[in-house]
Amino acid sequence: MGVIRFFRRLGLKSILSSALTLEQDIYNLYASLKEELDEPEVPPSIVRIVDEEAGHQSLIRDMIANRIGEEEMERILEGGNLHIHDPQALEPLSKSRYGPVLRRLEIILEREREIYDLFTGLYRKSKIPFIRRAFRFLKEQEQTHVLLLERLLNKPRS
C-alpha cells in the first residue's frame, strides 16, 4: 500500500470513527424508545428506522475494519443507494395513538438535523477530495434519516 493510500485510509477511518460515535448515540435514542413501547404497540415504521440506523452503523464499522474492498468502498462513498427502504413509503404516525412517541421522535429529529448540519458544513469546507467524499456520504446518510423522521412526524421537508 502506497503512502498516500495509507494516509487516505487512516483519515477515512478517523472520520468514520467519529461518525460512528454519533450514530451510536442516535441508535440508543431509538432503541430506548422502542424498549419503552409494548411489542404490539411498536409501529412498523419505528422498527424500520431502527433497522436503518443499525444497518448504517454496521456499514460504517465494516468500512473502518477494512471488511469492504477498495472498489466497493469507492462506490459507497460516491453515493450508492444503501438504504433499507424508501422514506416516502412510510406512513405518518397518528397523533392520537402515538402522541408520547411523537414527542420523543421530535427530539430525535432535532438531533439528526444537528448531525446532518455538521456533516453538511464539513463537506462544504473540505478541500481534499477523499475527505469531501467521506463527508458527502455521511451527510447523505443523515439526510435520509431526517427525511424518514419528517415523514413519520408528517412535517414538511426542511
# chains A, B, ... in the order shown; residues from 1 in each chain; ligands from 1
>>> closest_atom_pairs(of="stretch 35-114 of chain A", to="stretch 9-27 of chain A", cutoff="12 Å", atoms="only C-alpha atoms", output="JSON lines")
{"residue": "A:Ile46", "atom": "CA", "partner": "A:Tyr27", "partner_atom": "CA", "distance": 11.5}
{"residue": "A:Val47", "atom": "CA", "partner": "A:Tyr27", "partner_atom": "CA", "distance": 11.6}
{"residue": "A:Ile49", "atom": "CA", "partner": "A:Tyr27", "partner_atom": "CA", "distance": 9.3}
{"residue": "A:Val50", "atom": "CA", "partner": "A:Tyr27", "partner_atom": "CA", "distance": 6.9}
{"residue": "A:Asp51", "atom": "CA", "partner": "A:Tyr27", "partner_atom": "CA", "distance": 9.4}
{"residue": "A:Glu52", "atom": "CA", "partner": "A:Tyr27", "partner_atom": "CA", "distance": 9.5}
{"residue": "A:Glu53", "atom": "CA", "partner": "A:Tyr27", "partner_atom": "CA", "distance": 6.1}
{"residue": "A:Ala54", "atom": "CA", "partner": "A:Tyr27", "partner_atom": "CA", "distance": 7.1}
{"residue": "A:Gly55", "atom": "CA", "partner": "A:Tyr27", "partner_atom": "CA", "distance": 10.5}
{"residue": "A:His56", "atom": "CA", "partner": "A:Glu23", "partner_atom": "CA", "distance": 8.0}
{"residue": "A:Gln57", "atom": "CA", "partner": "A:Leu20", "partner_atom": "CA", "distance": 6.4}
{"residue": "A:Ser58", "atom": "CA", "partner": "A:Leu20", "partner_atom": "CA", "distance": 9.3}
{"residue": "A:Leu59", "atom": "CA", "partner": "A:Leu20", "partner_atom": "CA", "distance": 9.8}
{"residue": "A:Ile60", "atom": "CA", "partner": "A:Leu16", "partner_atom": "CA", "distance": 6.4}
{"residue": "A:Arg61", "atom": "CA", "partner": "A:Leu20", "partner_atom": "CA", "distance": 7.6}
{"residue": "A:Asp62", "atom": "CA", "partner": "A:Leu16", "partner_atom": "CA", "distance": 10.2}
{"residue": "A:Met63", "atom": "CA", "partner": "A:Lys13", "partner_atom": "CA", "distance": 7.6}
{"residue": "A:Ile64", "atom": "CA", "partner": "A:Lys13", "partner_atom": "CA", "distance": 5.1}
{"residue": "A:Ala65", "atom": "CA", "partner": "A:Lys13", "partner_atom": "CA", "distance": 8.3}
{"residue": "A:Asn66", "atom": "CA", "partner": "A:Arg9", "partner_atom": "CA", "distance": 9.1}
{"residue": "A:Ile68", "atom": "CA", "partner": "A:Arg9", "partner_atom": "CA", "distance": 12.0}
{"residue": "A:Gly69", "atom": "CA", "partner": "A:Arg9", "partner_atom": "CA", "distance": 11.8}
{"residue": "A:Glu70", "atom": "CA", "partner": "A:Arg9", "partner_atom": "CA", "distance": 10.0}
{"residue": "A:Met73", "atom": "CA", "partner": "A:Arg9", "partner_atom": "CA", "distance": 10.6}
{"residue": "A:Glu74", "atom": "CA", "partner": "A:Arg9", "partner_atom": "CA", "distance": 11.6}
{"residue": "A:Leu77", "atom": "CA", "partner": "A:Leu12", "partner_atom": "CA", "distance": 10.5}
{"residue": "A:Arg104", "atom": "CA", "partner": "A:Ile26", "partner_atom": "CA", "distance": 11.9}
{"residue": "A:Leu105", "atom": "CA", "partner": "A:Ile26", "partner_atom": "CA", "distance": 10.9}
{"residue": "A:Ile107", "atom": "CA", "partner": "A:Ile26", "partner_atom": "CA", "distance": 10.4}
{"residue": "A:Ile108", "atom": "CA", "partner": "A:Ile26", "partner_atom": "CA", "distance": 7.2}
{"residue": "A:Leu109", "atom": "CA", "partner": "A:Ile26", "partner_atom": "CA", "distance": 9.6}
{"residue": "A:Glu110", "atom": "CA", "partner": "A:Ile26", "partner_atom": "CA", "distance": 10.7}
{"residue": "A:Arg111", "atom": "CA", "partner": "A:Ile26", "partner_atom": "CA", "distance": 7.6}
{"residue": "A:Glu112", "atom": "CA", "partner": "A:Ile26", "partner_atom": "CA", "distance": 7.6}
{"residue": "A:Arg113", "atom": "CA", "partner": "A:Ile26", "partner_atom": "CA", "distance": 11.3}
{"residue": "A:Glu114", "atom": "CA", "partner": "A:Leu22", "partner_atom": "CA", "distance": 10.5}
>>> write_last_selection(atoms="C-alpha atoms", output="PDB file, in the first residue's frame")
ATOM      1  CA  ILE A  46     -40.090   2.696  14.065  1.00  0.00           C
ATOM      2  CA  VAL A  47     -38.783  -0.825  13.547  1.00  0.00           C
ATOM      3  CA  ILE A  49     -35.900   3.249  11.235  1.00  0.00           C
ATOM      4  CA  VAL A  50     -34.111   1.272  13.940  1.00  0.00           C
ATOM      5  CA  ASP A  51     -33.115  -1.234  11.241  1.00  0.00           C
ATOM      6  CA  GLU A  52     -31.897   1.610   9.011  1.00  0.00           C
ATOM      7  CA  GLU A  53     -29.786   3.011  11.851  1.00  0.00           C
ATOM      8  CA  ALA A  54     -28.378  -0.419  12.716  1.00  0.00           C
ATOM      9  CA  GLY A  55     -27.537  -1.013   9.051  1.00  0.00           C
ATOM     10  CA  HIS A  56     -25.798   2.337   8.800  1.00  0.00           C
ATOM     11  CA  GLN A  57     -23.706   1.581  11.898  1.00  0.00           C
ATOM     12  CA  SER A  58     -22.804  -1.841  10.557  1.00  0.00           C
ATOM     13  CA  LEU A  59     -21.705  -0.365   7.245  1.00  0.00           C
ATOM     14  CA  ILE A  60     -19.514   2.214   8.983  1.00  0.00           C
ATOM     15  CA  ARG A  61     -17.967  -0.488  11.181  1.00  0.00           C
ATOM     16  CA  ASP A  62     -17.215  -2.591   8.088  1.00  0.00           C
ATOM     17  CA  MET A  63     -15.631   0.411   6.401  1.00  0.00           C
ATOM     18  CA  ILE A  64     -13.462   1.135   9.447  1.00  0.00           C
ATOM     19  CA  ALA A  65     -12.391  -2.516   9.798  1.00  0.00           C
ATOM     20  CA  ASN A  66     -11.424  -2.838   6.104  1.00  0.00           C
ATOM     21  CA  ILE A  68     -15.057  -3.703   2.332  1.00  0.00           C
ATOM     22  CA  GLY A  69     -12.840  -3.792  -0.736  1.00  0.00           C
ATOM     23  CA  GLU A  70     -11.464  -0.673  -2.417  1.00  0.00           C
ATOM     24  CA  MET A  73     -15.670   1.492  -0.748  1.00  0.00           C
ATOM     25  CA  GLU A  74     -15.421   3.928  -3.660  1.00  0.00           C
ATOM     26  CA  LEU A  77     -18.503   6.943  -0.972  1.00  0.00           C
ATOM     27  CA  ARG A 104     -39.665  11.717  21.565  1.00  0.00           C
ATOM     28  CA  LEU A 105     -39.258  11.470  17.796  1.00  0.00           C
ATOM     29  CA  ILE A 107     -36.242  15.308  19.923  1.00  0.00           C
ATOM     30  CA  ILE A 108     -34.502  12.646  17.845  1.00  0.00           C
ATOM     31  CA  LEU A 109     -35.282  14.607  14.667  1.00  0.00           C
ATOM     32  CA  GLU A 110     -33.616  17.693  16.089  1.00  0.00           C
ATOM     33  CA  ARG A 111     -30.518  15.626  16.931  1.00  0.00           C
ATOM     34  CA  GLU A 112     -30.487  14.101  13.436  1.00  0.00           C
ATOM     35  CA  ARG A 113     -30.745  17.585  11.915  1.00  0.00           C
ATOM     36  CA  GLU A 114     -27.816  18.776  14.031  1.00  0.00           C
TER      37      GLU A 114
END
>>> closest_residue(among="A:Phe7, A:Val101, A:Glu142, A:Ala134", to="A:Leu122", atoms="only C-alpha atoms")
A:Ala134
>>> atom_distance(atom1="atom CA of A:Lys139", atom2="atom CA of A:Glu78")
12.1 Å
>>> select_by_dssp(residues="chain A", states="helix (DSSP H, G or I)", output="PyMOL selection string")
chain A and resi 3-36+39-41+44-64+70-77+87-89+95-125+129-152
>>> write_last_selection(atoms="C-alpha atoms", output="short mmCIF file (atom, residue, chain, number, x, y, z; two decimals), in the first residue's frame")
data_model
loop_
_atom_site.label_atom_id
_atom_site.label_comp_id
_atom_site.auth_asym_id
_atom_site.auth_seq_id
_atom_site.Cartn_x
_atom_site.Cartn_y
_atom_site.Cartn_z
CA VAL A 3 1.95 6.17 1.48
CA ILE A 4 -0.86 8.28 0.02
CA ARG A 5 -3.34 5.39 0.15
CA PHE A 6 -2.26 4.65 3.71
CA PHE A 7 -2.96 8.24 4.84
CA ARG A 8 -6.23 8.36 2.91
CA ARG A 9 -7.37 5.18 4.65
CA LEU A 10 -6.21 6.46 8.03
CA GLY A 11 -8.03 9.77 7.52
CA LEU A 12 -11.18 8.00 6.41
CA LYS A 13 -11.08 5.69 9.44
CA SER A 14 -10.75 8.69 11.73
CA ILE A 15 -13.73 10.46 10.14
CA LEU A 16 -15.85 7.32 10.21
CA SER A 17 -14.93 6.51 13.81
CA SER A 18 -16.15 9.93 14.89
CA ALA A 19 -19.33 9.49 12.87
CA LEU A 20 -19.91 6.08 14.43
CA THR A 21 -19.98 7.64 17.89
CA LEU A 22 -22.77 9.97 16.76
CA GLU A 23 -24.61 7.07 15.12
CA GLN A 24 -24.47 5.01 18.29
CA ASP A 25 -25.93 7.89 20.31
CA ILE A 26 -28.86 8.23 17.90
CA TYR A 27 -29.37 4.48 17.76
CA ASN A 28 -29.57 4.37 21.55
CA LEU A 29 -32.31 7.03 21.48
CA TYR A 30 -34.34 4.94 19.03
CA ALA A 31 -33.69 1.70 20.88
CA SER A 32 -34.77 3.16 24.22
CA LEU A 33 -37.94 4.45 22.60
CA LYS A 34 -38.64 1.02 21.14
CA GLU A 35 -38.00 -0.64 24.53
CA GLU A 36 -40.49 1.66 26.25
CA GLU A 39 -44.25 -5.00 21.45
CA PRO A 40 -47.69 -4.81 19.80
CA GLU A 41 -47.57 -1.01 20.06
CA PRO A 44 -43.53 -0.93 12.00
CA SER A 45 -42.09 2.38 10.82
CA ILE A 46 -40.09 2.70 14.07
CA VAL A 47 -38.78 -0.82 13.55
CA ARG A 48 -37.73 0.17 10.02
CA ILE A 49 -35.90 3.25 11.23
CA VAL A 50 -34.11 1.27 13.94
CA ASP A 51 -33.11 -1.23 11.24
CA GLU A 52 -31.90 1.61 9.01
CA GLU A 53 -29.79 3.01 11.85
CA ALA A 54 -28.38 -0.42 12.72
CA GLY A 55 -27.54 -1.01 9.05
CA HIS A 56 -25.80 2.34 8.80
CA GLN A 57 -23.71 1.58 11.90
CA SER A 58 -22.80 -1.84 10.56
CA LEU A 59 -21.70 -0.37 7.25
CA ILE A 60 -19.51 2.21 8.98
CA ARG A 61 -17.97 -0.49 11.18
CA ASP A 62 -17.22 -2.59 8.09
CA MET A 63 -15.63 0.41 6.40
CA ILE A 64 -13.46 1.13 9.45
CA GLU A 70 -11.46 -0.67 -2.42
CA GLU A 71 -13.92 -0.73 -5.33
CA GLU A 72 -16.93 -1.23 -3.08
CA MET A 73 -15.67 1.49 -0.75
CA GLU A 74 -15.42 3.93 -3.66
CA ARG A 75 -18.94 3.00 -4.82
CA ILE A 76 -20.29 3.61 -1.33
CA LEU A 77 -18.50 6.94 -0.97
CA PRO A 87 -38.75 7.34 3.13
CA GLN A 88 -41.84 8.03 1.03
CA ALA A 89 -43.09 4.50 1.72
CA LYS A 95 -51.05 11.79 16.83
CA SER A 96 -53.93 10.30 18.77
CA ARG A 97 -52.32 6.87 19.04
CA TYR A 98 -48.62 7.75 19.26
CA GLY A 99 -48.60 11.17 20.97
CA PRO A 100 -45.82 10.40 23.50
CA VAL A 101 -43.78 8.63 20.81
CA LEU A 102 -44.09 11.63 18.51
CA ARG A 103 -42.70 13.96 21.16
CA ARG A 104 -39.67 11.72 21.56
CA LEU A 105 -39.26 11.47 17.80
CA GLU A 106 -39.26 15.28 17.60
CA ILE A 107 -36.24 15.31 19.92
CA ILE A 108 -34.50 12.65 17.84
CA LEU A 109 -35.28 14.61 14.67
CA GLU A 110 -33.62 17.69 16.09
CA ARG A 111 -30.52 15.63 16.93
CA GLU A 112 -30.49 14.10 13.44
CA ARG A 113 -30.75 17.59 11.91
CA GLU A 114 -27.82 18.78 14.03
CA ILE A 115 -25.70 15.87 12.81
CA TYR A 116 -26.81 16.45 9.21
CA ASP A 117 -25.89 20.15 9.52
CA LEU A 118 -22.49 19.22 10.98
CA PHE A 119 -21.65 16.85 8.11
CA THR A 120 -23.01 19.31 5.54
CA GLY A 121 -20.79 22.07 6.91
CA LEU A 122 -17.74 19.82 6.98
CA TYR A 123 -18.47 18.67 3.42
CA ARG A 124 -18.70 22.25 2.17
CA LYS A 125 -15.49 23.32 3.92
CA PRO A 129 -11.32 15.15 -2.41
CA PHE A 130 -11.37 11.94 -0.34
CA ILE A 131 -12.41 13.89 2.76
CA ARG A 132 -15.16 15.64 0.80
CA ARG A 133 -16.44 12.26 -0.40
CA ALA A 134 -16.48 10.90 3.15
CA PHE A 135 -18.45 13.88 4.46
CA ARG A 136 -20.80 13.78 1.45
CA PHE A 137 -21.52 10.12 2.19
CA LEU A 138 -22.20 10.90 5.86
CA LYS A 139 -24.39 13.92 5.08
CA GLU A 140 -26.43 11.90 2.57
CA GLN A 141 -26.99 9.16 5.13
CA GLU A 142 -28.12 11.70 7.72
CA GLN A 143 -30.36 13.41 5.19
CA THR A 144 -32.21 10.13 4.73
CA HIS A 145 -32.63 9.78 8.49
CA VAL A 146 -34.04 13.31 8.66
CA LEU A 147 -36.43 12.55 5.78
CA LEU A 148 -37.61 9.36 7.49
CA LEU A 149 -38.42 11.21 10.69
CA GLU A 150 -40.06 14.12 8.91
CA ARG A 151 -42.27 11.66 7.08
CA LEU A 152 -43.26 9.87 10.30
#
>>> decode(residues="stretch 30-59 of chain A", atoms="N, CA and C atoms", output="compact mmCIF listing (two decimals), in the first residue's frame")
# COMPACT_ATOMS: atom_id res chain seq x y z
N TYR A 30 -33.29 5.74 19.67
CA TYR A 30 -34.34 4.94 19.03
C TYR A 30 -34.60 3.65 19.81
N ALA A 31 -33.54 2.98 20.19
CA ALA A 31 -33.69 1.70 20.88
C ALA A 31 -34.41 1.88 22.22
N SER A 32 -34.09 2.94 22.95
CA SER A 32 -34.77 3.16 24.22
C SER A 32 -36.24 3.48 24.00
N LEU A 33 -36.55 4.17 22.94
CA LEU A 33 -37.94 4.45 22.60
C LEU A 33 -38.68 3.15 22.29
N LYS A 34 -38.04 2.30 21.51
CA LYS A 34 -38.64 1.02 21.14
C LYS A 34 -38.85 0.14 22.37
N GLU A 35 -37.90 0.17 23.31
CA GLU A 35 -38.00 -0.64 24.53
C GLU A 35 -39.13 -0.17 25.43
N GLU A 36 -39.43 1.12 25.40
CA GLU A 36 -40.49 1.66 26.25
C GLU A 36 -41.88 1.24 25.80
N LEU A 37 -42.01 0.98 24.52
CA LEU A 37 -43.31 0.60 23.99
C LEU A 37 -43.52 -0.90 24.15
N ASP A 38 -44.76 -1.30 24.37
CA ASP A 38 -45.07 -2.73 24.38
C ASP A 38 -44.96 -3.22 22.95
N GLU A 39 -44.53 -4.45 22.78
CA GLU A 39 -44.25 -5.00 21.45
C GLU A 39 -45.39 -4.78 20.45
N PRO A 40 -46.66 -5.03 20.81
CA PRO A 40 -47.69 -4.81 19.80
C PRO A 40 -47.88 -3.33 19.44
N GLU A 41 -47.39 -2.43 20.31
CA GLU A 41 -47.57 -1.01 20.06
C GLU A 41 -46.43 -0.39 19.24
N VAL A 42 -45.37 -1.11 19.02
CA VAL A 42 -44.25 -0.54 18.26
C VAL A 42 -44.67 -0.44 16.80
N PRO A 43 -44.77 0.79 16.30
CA PRO A 43 -45.15 0.94 14.89
C PRO A 43 -44.08 0.33 13.98
N PRO A 44 -44.51 -0.34 12.93
CA PRO A 44 -43.53 -0.93 12.00
C PRO A 44 -42.54 0.10 11.45
N SER A 45 -42.98 1.34 11.33
CA SER A 45 -42.09 2.38 10.82
C SER A 45 -40.92 2.64 11.78
N ILE A 46 -41.18 2.53 13.09
CA ILE A 46 -40.09 2.70 14.07
C ILE A 46 -39.11 1.54 13.92
N VAL A 47 -39.64 0.34 13.75
CA VAL A 47 -38.78 -0.82 13.55
C VAL A 47 -37.91 -0.61 12.31
N ARG A 48 -38.50 -0.08 11.25
CA ARG A 48 -37.73 0.17 10.02
C ARG A 48 -36.62 1.18 10.25
N ILE A 49 -36.92 2.23 10.99
CA ILE A 49 -35.90 3.25 11.23
C ILE A 49 -34.78 2.68 12.10
N VAL A 50 -35.13 1.90 13.10
CA VAL A 50 -34.11 1.27 13.94
C VAL A 50 -33.24 0.35 13.08
N ASP A 51 -33.87 -0.38 12.16
CA ASP A 51 -33.11 -1.23 11.24
C ASP A 51 -32.20 -0.40 10.35
N GLU A 52 -32.70 0.72 9.86
CA GLU A 52 -31.90 1.61 9.01
C GLU A 52 -30.67 2.10 9.78
N GLU A 53 -30.90 2.53 11.02
CA GLU A 53 -29.79 3.01 11.85
C GLU A 53 -28.78 1.90 12.13
N ALA A 54 -29.28 0.71 12.45
CA ALA A 54 -28.38 -0.42 12.72
C ALA A 54 -27.57 -0.76 11.46
N GLY A 55 -28.23 -0.73 10.31
CA GLY A 55 -27.54 -1.01 9.05
C GLY A 55 -26.47 0.02 8.75
N HIS A 56 -26.77 1.27 9.03
CA HIS A 56 -25.80 2.34 8.80
C HIS A 56 -24.58 2.16 9.71
N GLN A 57 -24.83 1.83 10.98
CA GLN A 57 -23.71 1.58 11.90
C GLN A 57 -22.86 0.41 11.43
N SER A 58 -23.52 -0.64 11.01
CA SER A 58 -22.80 -1.84 10.56
C SER A 58 -21.92 -1.52 9.35
N LEU A 59 -22.48 -0.76 8.42
CA LEU A 59 -21.70 -0.37 7.25
C LEU A 59 -20.48 0.44 7.65
